[in-house]
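**Q** Quick one: this structure, given as structure tokens, is what I'll be asking you about.
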Amino acid sequence: MAVAVAATLGLVSPGARSQPRQAPAQQPPPQQPSEISTIISGEASAAPRFAVPDFIASSTDAETVALAKTIGQVLWDDLNFERDFALIPRDIYSTIPAAKSFDDVPFDRWRELNADGVIVGTVQKTGTGVRVDVRLFNVRSRQSAFGKEYSGSAANPRLYAHTISDEIHQQQRALRGVARTKLTFASDRDGERMRGTVESRGVKEIYIADYDGENQRRVTTSRSLNITPTWSPDARSIAYTSYQKGAPNIYISNIYQGTRDDLTKDIAQSFLPSWSPDGTRLCFMSTRDGNAELYVVNRDGSNPRRLTNHPGADVSPTWSPSGTQIAFTSDRTGTPQIYLIGADGLGLQKVTSEAYADRPTWSPAPYNEIAFTARTGPGNDIKVIDLATRQLRQLTFGEGTNESPSWSPNGRHLAFMSTRSGKSQVFTMARDGRNLKQVTQGGNNSQPDWSK
Amino acid sequence: MPIRRATQVRTTTASAALLILMALVAAACGGKKPPVARPAPPPPLAAPAAAASRPGPPEPLVEPTVVPPEPVKDDAIASASLDDLNRNSPLKPVFFDLDSSELGAEAQAVLNANTAALKRYATWTVTIEGHCDERGTAEYNLALGERRAIAARAYLVSLGIPADRLRTVSYGKEFPFDPGHDEAAWSKNRRAHFVITVK
């Protein structure tokens with residue numbers, strides 16, 4: 001049977017799939033018994049096949065037509081990104097007559113393409129913006145498995161697509177999609193030069209972008225060196241290292257308020273901030289006591305306390321998802337390697353035995369892995385170690401140098417920097433190293449961090 | 001300068017003509033000559049009061065030739081702007097091996113010379129920048145660069161340079177001096193670099 005319609009959510013258990021899932025608590029509430037439910041599955045164990053034609057413009061004006069097209073296309077890309085649905089390629093949709101409303105969807109024709117589900121949407125201009133109405137139809141039963149209406153500004157139509165994608169992933173697959181997440185990174189794309197130095201030195205500013213590289217925006221304007229940005233857990237603030245007063249300090253930009261906090265209170269030589277999962281504290285590296293050590297400080301800059309104490313350099317902290325441990329880099333045995341330490345400073349463990357390892361990033365649950373940069377030759381590659389089994393896998397293989405991995409919040413993707421296309425650029429890839437996608441283009445872009 | 005010299009003239013001669021002439025000459029000279037230190041012209045001889053009324057021919061006034069100061073290197077350094085100074089700095093960078101912050105014999109020789117310069121120019125404050133090549137990771141290189149800067153600083157302090165004249169900053173691999181991707185470039189980029197910030 002190409003399409004299975006489950007009577008209840010429990011019949012198609014997300015846990016039966018090969019990939020671990022998020023907590024069942026995030027599934028939608030059980031449906032009324034009288035309703036036919038809603039989970040659309042594929043044939044046997046295959047991913048459900050979905051079609052996403054352009055949305056239906058309720059009027060013929062160019063703006064509405066463009067909005068409808070954009071939302072449909074971005075939704076296709078968003079759903080395709082997680083690979084939990086098999087998206088039927090768009091170029092064969094032209095053989096199928098476009099629906100004019102929810103009432104004339106040509107289900108028979110979608111069946112001919114072996115579609116299990118088809119997503120139909122309408123876009124209507126309103127006095128204040130736009131209204132988007134969307135349905136996910138089970139092609140076999142012709143029932144709506146998901147339906148929702150959205151209204152708001154027409155300024156960023158991609159956001160409607162991202163929201164629909166995340167909600168369909170959540171409802172159909174109990175999967176937390178990443179379509180509304182963002183990346184932050186450092187970029188020299190503006191070509192501005194530092195002031196007050198004899199050598200010509202390019203500035204770097206902090207940028208943000210949607211997860212797919214769209215909507216790139218500059219966050220800092222200090223015309224200085226700004227590097228190593230990291231998102232706060234609520235994705236409303238970015239902490240970063242800035243040399244704007246000459247020596248490196250850590251600042252927090254509250255990007256939706258346009259304000260900035262001085263985390264390290266001008267105690268210079270502070271680098272590499274990392275937020276605790278609850279957002280109340282940050283860990284960072286500082287040489288304020290004469291050697292690179294890790295410190296933990298409250299979000300408001302109060303109560304800084306030293307976490308490590310060793311003549312080796314301790315660098316690159318990252319918190320565990322539970323907030324109880326911190327992974328970091330230390331060269332206390334000679335070469336930089338990944339270690340774990342309790343957030344209380346106890347329980348040191350060595351994790352890697354590489355030629356050189358740095359920039360750990362701790363995967364979210366249900367995975368328990370650390371991705372890091374490893375020196376593999378003249379350049380570096382991204383590797384992942386499973387903390388339970390200590391099994392190691394390599395995700396990049398010497399194409400350019402590859403550095404600074406950062407997990408997506410659902411643990412299914414990584415952002416990283418690679419020089420494989422020439423300059424330093426930000427890429428994303430799936431957790432198995434496939435589906436490589438370059439998300440930045442101009443200038444050098446590096447040190448990405450994926451919002452939570 | 002022209003004003004001061006005119007004042008001198010006014011106080012040392014009663015001759016109005018001479019006064020005007022001298023003021024003109026002085027103003028003309030003063031307007032063209034750079035304001036460098038040089039010996040002041042000797043005051044004209046005081047004429048007897050009786051002679052002052054005699055409208056004799058104006059005495060030709062010959063200003064002694066100013067001998068420009070010997071272009072002593074010290075003075076050039078002392079008068080250069082900070083940017084000029086750093087463009088042609090007597091403080092030379094020291095270089096490191098890959099992944100290392102150890103000061104080899106060559107680096108120590110350079111630091112010995114830098115120490116001598118810092119003792120000679122005792123007012124200078126210096127920032128020691130630590131830099132790394134692109135092979136290390138961006139993050140760890142921030143620590144390695146700091147360690148290189150600190151190593152250079154500790155060496156200078158051990159030779160008697162006060163620690164408060166020497167600040168350190170790590171730039172990791174953010175500011176390579178040579179943008180190339182080979183050992184020739186990398187070896188230039190692994191350095192402790194001296195920037196004079198106060199002279």
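Residue numbering restarts at 1 for every chain of the structure tokens, chains are lettered A, B, ... in their displayed order, and ligands are numbered from 1 as they appear.
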I need the residues in range 144-221 of chain A that are alpha helix (DSSP H) according to DSSP; give them as a list in words.

**A**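 The alpha helix (DSSP H) subset of range 144-221 of chain A is Pro157, Arg158, Leu159, Tyr160, Ala161, His162, Thr163, Ile164, Ser165, Asp166, Glu167, Ile168, His169, Gln170, Gln171, Gln172 and Arg173 of chain A.
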
**Q** Keeping C-alpha atoms, export the residues of the selection given above as an mmCIF file, in the first residue's frame.

**A**
data_model
loop_
_atom_site.group_PDB
_atom_site.id
_atom_site.type_symbol
_atom_site.label_atom_id
_atom_site.label_comp_id
_atom_site.auth_asym_id
_atom_site.auth_seq_id
_atom_site.Cartn_x
_atom_site.Cartn_y
_atom_site.Cartn_z
ATOM 1 C CA PRO A 157 7.550 35.402 2.685
ATOM 2 C CA ARG A 158 10.259 32.845 3.444
ATOM 3 C CA LEU A 159 9.234 32.939 7.098
ATOM 4 C CA TYR A 160 5.788 31.506 6.235
ATOM 5 C CA ALA A 161 7.458 28.622 4.435
ATOM 6 C CA HIS A 162 9.914 28.053 7.301
ATOM 7 C CA THR A 163 7.098 28.037 9.855
ATOM 8 C CA ILE A 164 4.952 25.639 7.815
ATOM 9 C CA SER A 165 7.923 23.336 7.313
ATOM 10 C CA ASP A 166 8.760 23.243 11.011
ATOM 11 C CA GLU A 167 5.129 22.601 11.956
ATOM 12 C CA ILE A 168 4.676 19.819 9.394
ATOM 13 C CA HIS A 169 7.907 18.150 10.512
ATOM 14 C CA GLN A 170 6.728 18.382 14.097
ATOM 15 C CA GLN A 171 3.243 17.062 13.400
ATOM 16 C CA GLN A 172 4.106 14.376 10.869
ATOM 17 C CA ARG A 173 7.498 13.196 12.082
#

**Q** Run DSSP on the backbone of this structure and report the residues of range 279-380 of chain A it assigns to strand (DSSP E or B), as a PDB file with C-alpha atoms, in the first residue's frame.

**A**
ATOM      1  CA  ARG A 281      25.989  31.802  32.357  1.00  0.00           C
ATOM      2  CA  LEU A 282      28.779  31.889  29.812  1.00  0.00           C
ATOM      3  CA  CYS A 283      32.071  30.057  29.742  1.00  0.00           C
ATOM      4  CA  PHE A 284      35.029  31.676  27.999  1.00  0.00           C
ATOM      5  CA  MET A 285      38.795  31.575  27.680  1.00  0.00           C
ATOM      6  CA  SER A 286      40.977  34.295  29.133  1.00  0.00           C
ATOM      7  CA  GLU A 293      42.287  29.258  31.275  1.00  0.00           C
ATOM      8  CA  LEU A 294      38.530  28.792  31.254  1.00  0.00           C
ATOM      9  CA  TYR A 295      36.214  31.004  33.300  1.00  0.00           C
ATOM     10  CA  VAL A 296      32.474  30.931  33.956  1.00  0.00           C
ATOM     11  CA  VAL A 297      30.586  34.162  34.434  1.00  0.00           C
ATOM     12  CA  ASN A 298      26.944  35.108  34.928  1.00  0.00           C
ATOM     13  CA  ARG A 305      35.166  32.314  38.467  1.00  0.00           C
ATOM     14  CA  ARG A 306      38.000  30.259  37.168  1.00  0.00           C
ATOM     15  CA  ASP A 314      42.695  25.587  27.983  1.00  0.00           C
ATOM     16  CA  VAL A 315      40.592  26.896  25.096  1.00  0.00           C
ATOM     17  CA  SER A 316      37.345  26.584  23.094  1.00  0.00           C
ATOM     18  CA  PRO A 317      34.734  25.731  25.747  1.00  0.00           C
ATOM     19  CA  THR A 318      31.322  24.325  24.812  1.00  0.00           C
ATOM     20  CA  TRP A 319      28.584  23.240  27.227  1.00  0.00           C
ATOM     21  CA  GLN A 325      29.729  19.507  31.767  1.00  0.00           C
ATOM     22  CA  ILE A 326      31.941  21.559  29.515  1.00  0.00           C
ATOM     23  CA  ALA A 327      34.001  20.200  26.637  1.00  0.00           C
ATOM     24  CA  PHE A 328      37.127  22.147  25.767  1.00  0.00           C
ATOM     25  CA  THR A 329      40.537  22.000  24.145  1.00  0.00           C
ATOM     26  CA  SER A 330      43.704  21.670  26.178  1.00  0.00           C
ATOM     27  CA  GLN A 337      43.082  17.602  22.457  1.00  0.00           C
ATOM     28  CA  ILE A 338      39.427  17.573  23.505  1.00  0.00           C
ATOM     29  CA  TYR A 339      38.638  17.163  27.204  1.00  0.00           C
ATOM     30  CA  LEU A 340      35.533  17.199  29.375  1.00  0.00           C
ATOM     31  CA  ILE A 341      35.226  18.807  32.780  1.00  0.00           C
ATOM     32  CA  GLY A 342      32.292  19.219  35.139  1.00  0.00           C
ATOM     33  CA  GLN A 349      38.397  13.403  31.142  1.00  0.00           C
ATOM     34  CA  LYS A 350      40.444  13.253  27.944  1.00  0.00           C
ATOM     35  CA  ALA A 357      41.985  18.582  17.905  1.00  0.00           C
ATOM     36  CA  ASP A 358      40.066  21.787  18.664  1.00  0.00           C
ATOM     37  CA  ARG A 359      36.677  23.525  18.689  1.00  0.00           C
ATOM     38  CA  PRO A 360      34.459  20.852  20.230  1.00  0.00           C
ATOM     39  CA  THR A 361      30.705  21.236  19.749  1.00  0.00           C
ATOM     40  CA  TRP A 362      28.401  19.009  21.790  1.00  0.00           C
ATOM     41  CA  GLU A 369      28.492  13.216  20.328  1.00  0.00           C
ATOM     42  CA  ILE A 370      31.168  15.833  20.064  1.00  0.00           C
ATOM     43  CA  ALA A 371      32.156  17.193  16.683  1.00  0.00           C
ATOM     44  CA  PHE A 372      35.553  18.867  16.446  1.00  0.00           C
ATOM     45  CA  THR A 373      38.263  20.059  14.095  1.00  0.00           C
ATOM     46  CA  ALA A 374      41.109  17.570  13.604  1.00  0.00           C
ATOM     47  CA  ARG A 375      44.392  18.054  11.813  1.00  0.00           C
ATOM     48  CA  ASN A 380      41.994  20.125   8.997  1.00  0.00           C
TER      49      ASN A 380
END

**Q** Need to verify the contact set: Leu103 in chain B, 9 Å, only C-alpha atoms, exclusion of same-chain residues closer than 5 positions in sequence. Can you return it as an MDAnalysis selection string?

**A** chainID B and resid 94:96 108 148 151:152 155

**Q** For the selection you just gave me, I'd like the residues written to a file as a CSV table (one decimal), in the first residue's frame, keeping all heavy atoms.

**A**
chain,number,residue,atom,x,y,z
B,94,VAL,N,59.9,38.5,16.1
B,94,VAL,CA,60.6,37.2,16.3
B,94,VAL,C,59.7,36.1,15.8
B,94,VAL,O,58.4,36.2,15.8
B,94,VAL,CB,60.9,36.9,17.8
B,94,VAL,CG1,62.0,37.9,18.3
B,94,VAL,CG2,59.7,36.9,18.7
B,95,PHE,N,60.2,35.0,15.3
B,95,PHE,CA,59.5,34.0,14.6
B,95,PHE,C,59.5,32.7,15.3
B,95,PHE,O,60.5,32.4,16.1
B,95,PHE,CB,60.0,33.9,13.1
B,95,PHE,CG,59.8,35.1,12.3
B,95,PHE,CD1,60.9,36.0,12.2
B,95,PHE,CD2,58.6,35.5,11.7
B,95,PHE,CE1,60.7,37.2,11.5
B,95,PHE,CE2,58.5,36.7,11.0
B,95,PHE,CZ,59.5,37.5,10.9
B,96,PHE,N,58.5,31.9,15.0
B,96,PHE,CA,58.4,30.6,15.8
B,96,PHE,C,58.2,29.4,14.9
B,96,PHE,O,57.8,29.6,13.7
B,96,PHE,CB,57.1,30.7,16.7
B,96,PHE,CG,57.2,31.8,17.8
B,96,PHE,CD1,56.9,33.1,17.5
B,96,PHE,CD2,57.7,31.5,19.0
B,96,PHE,CE1,57.0,34.1,18.4
B,96,PHE,CE2,57.8,32.5,20.0
B,96,PHE,CZ,57.4,33.8,19.7
B,108,GLN,N,66.0,34.9,20.3
B,108,GLN,CA,66.6,35.5,21.5
B,108,GLN,C,67.5,36.7,21.1
B,108,GLN,O,67.6,37.7,21.8
B,108,GLN,CB,67.3,34.5,22.3
B,108,GLN,CG,66.4,33.5,23.0
B,108,GLN,CD,67.0,32.6,24.0
B,108,GLN,OE1,68.2,32.8,24.4
B,108,GLN,NE2,66.4,31.5,24.3
B,148,ARG,N,52.7,33.1,22.5
B,148,ARG,CA,53.9,33.6,21.8
B,148,ARG,C,54.2,35.0,22.3
B,148,ARG,O,55.4,35.4,22.6
B,148,ARG,CB,53.7,33.6,20.3
B,148,ARG,CG,53.8,32.2,19.7
B,148,ARG,CD,53.5,32.1,18.3
B,148,ARG,NE,53.7,30.7,17.8
B,148,ARG,CZ,53.3,30.2,16.6
B,148,ARG,NH1,52.6,31.0,15.8
B,148,ARG,NH2,53.5,29.0,16.3
B,151,ALA,N,55.6,34.9,25.8
B,151,ALA,CA,56.9,34.4,25.8
B,151,ALA,C,57.9,35.5,25.5
B,151,ALA,O,58.9,35.7,26.2
B,151,ALA,CB,57.1,33.2,24.8
B,152,ALA,N,57.6,36.3,24.5
B,152,ALA,CA,58.5,37.4,24.1
B,152,ALA,C,58.5,38.4,25.2
B,152,ALA,O,59.6,38.9,25.6
B,152,ALA,CB,58.0,38.0,22.8
B,155,TYR,N,60.6,37.3,28.2
B,155,TYR,CA,62.1,37.4,27.9
B,155,TYR,C,62.5,38.8,28.1
B,155,TYR,O,63.6,39.1,28.7
B,155,TYR,CB,62.3,36.9,26.5
B,155,TYR,CG,63.8,36.8,26.1
B,155,TYR,CD1,64.5,35.6,26.4
B,155,TYR,CD2,64.5,37.8,25.6
B,155,TYR,CE1,65.8,35.4,26.1
B,155,TYR,CE2,65.9,37.7,25.3
B,155,TYR,CZ,66.5,36.5,25.6
B,155,TYR,OH,67.9,36.4,25.3

**Q** Within 8 Å of chain B, which residues belong to chain A? Use only C-alpha atoms and report them as a list in words.

**A** Thr197, Val198, Arg201, Gly202, Thr228, Ala247, Pro248, Gln269, Phe271, Leu272, Thr287, Gly290, Asn291, Ala292, Ala313, Asp314, Val315, Ser316, Thr329, Pro336, Asp358, Arg359, Thr373, Pro378, Gly379, Asn380, Glu403, Ser404 and Gln447 of chain A

**Q** Need to verify the contact set: range 218-221 of chain A, 10 Å, only C-alpha atoms, exclusion of same-chain residues closer than 2 positions in sequence. Can you return it as a PyMOL selection string?

**A** chain A and resi 184-187+190+203-209+215-216+223-224+226+238+240+242+244+253-255+258+260

**Q** Keeping only C-alpha atoms, write the selected residues to a file as a PDB file, in the first residue's frame.

**A**
ATOM      1  CA  THR A 184      25.977  33.549  12.904  1.00  0.00           C
ATOM      2  CA  PHE A 185      29.549  33.900  11.674  1.00  0.00           C
ATOM      3  CA  ALA A 186      32.422  36.354  11.240  1.00  0.00           C
ATOM      4  CA  SER A 187      32.912  37.959   7.835  1.00  0.00           C
ATOM      5  CA  ASP A 190      32.829  44.595   3.589  1.00  0.00           C
ATOM      6  CA  VAL A 203      38.085  44.177   9.707  1.00  0.00           C
ATOM      7  CA  LYS A 204      35.718  41.334  10.518  1.00  0.00           C
ATOM      8  CA  GLU A 205      32.153  41.911  11.564  1.00  0.00           C
ATOM      9  CA  ILE A 206      29.547  39.546  12.955  1.00  0.00           C
ATOM     10  CA  TYR A 207      26.797  38.505  10.546  1.00  0.00           C
ATOM     11  CA  ILE A 208      23.661  36.420  10.796  1.00  0.00           C
ATOM     12  CA  ALA A 209      21.780  34.474   8.136  1.00  0.00           C
ATOM     13  CA  ASN A 215      18.646  37.137   4.738  1.00  0.00           C
ATOM     14  CA  GLN A 216      22.283  37.824   5.570  1.00  0.00           C
ATOM     15  CA  ARG A 223      35.106  48.456  12.212  1.00  0.00           C
ATOM     16  CA  SER A 224      37.375  46.221  14.175  1.00  0.00           C
ATOM     17  CA  ASN A 226      34.984  40.725  15.758  1.00  0.00           C
ATOM     18  CA  ILE A 238      24.987  36.906  20.214  1.00  0.00           C
ATOM     19  CA  TYR A 240      31.414  37.377  20.519  1.00  0.00           C
ATOM     20  CA  SER A 242      35.792  41.882  19.859  1.00  0.00           C
ATOM     21  CA  GLN A 244      37.179  47.182  19.274  1.00  0.00           C
ATOM     22  CA  SER A 253      24.726  42.056  21.124  1.00  0.00           C
ATOM     23  CA  ASN A 254      21.000  41.925  21.763  1.00  0.00           C
ATOM     24  CA  ILE A 255      20.124  41.877  18.099  1.00  0.00           C
ATOM     25  CA  GLY A 258      19.984  47.096  19.281  1.00  0.00           C
ATOM     26  CA  ARG A 260      25.124  45.723  23.643  1.00  0.00           C
TER      27      ARG A 260
END

**Q** Taking only C-alpha atoms into account, which of B:Ala163, B:Ala185, B:Ala192, B:Ala109 comes nearest His131 in chain B?

**A**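 Looking at the shortest contact to His131 in chain B, the residue is B:Ala192.
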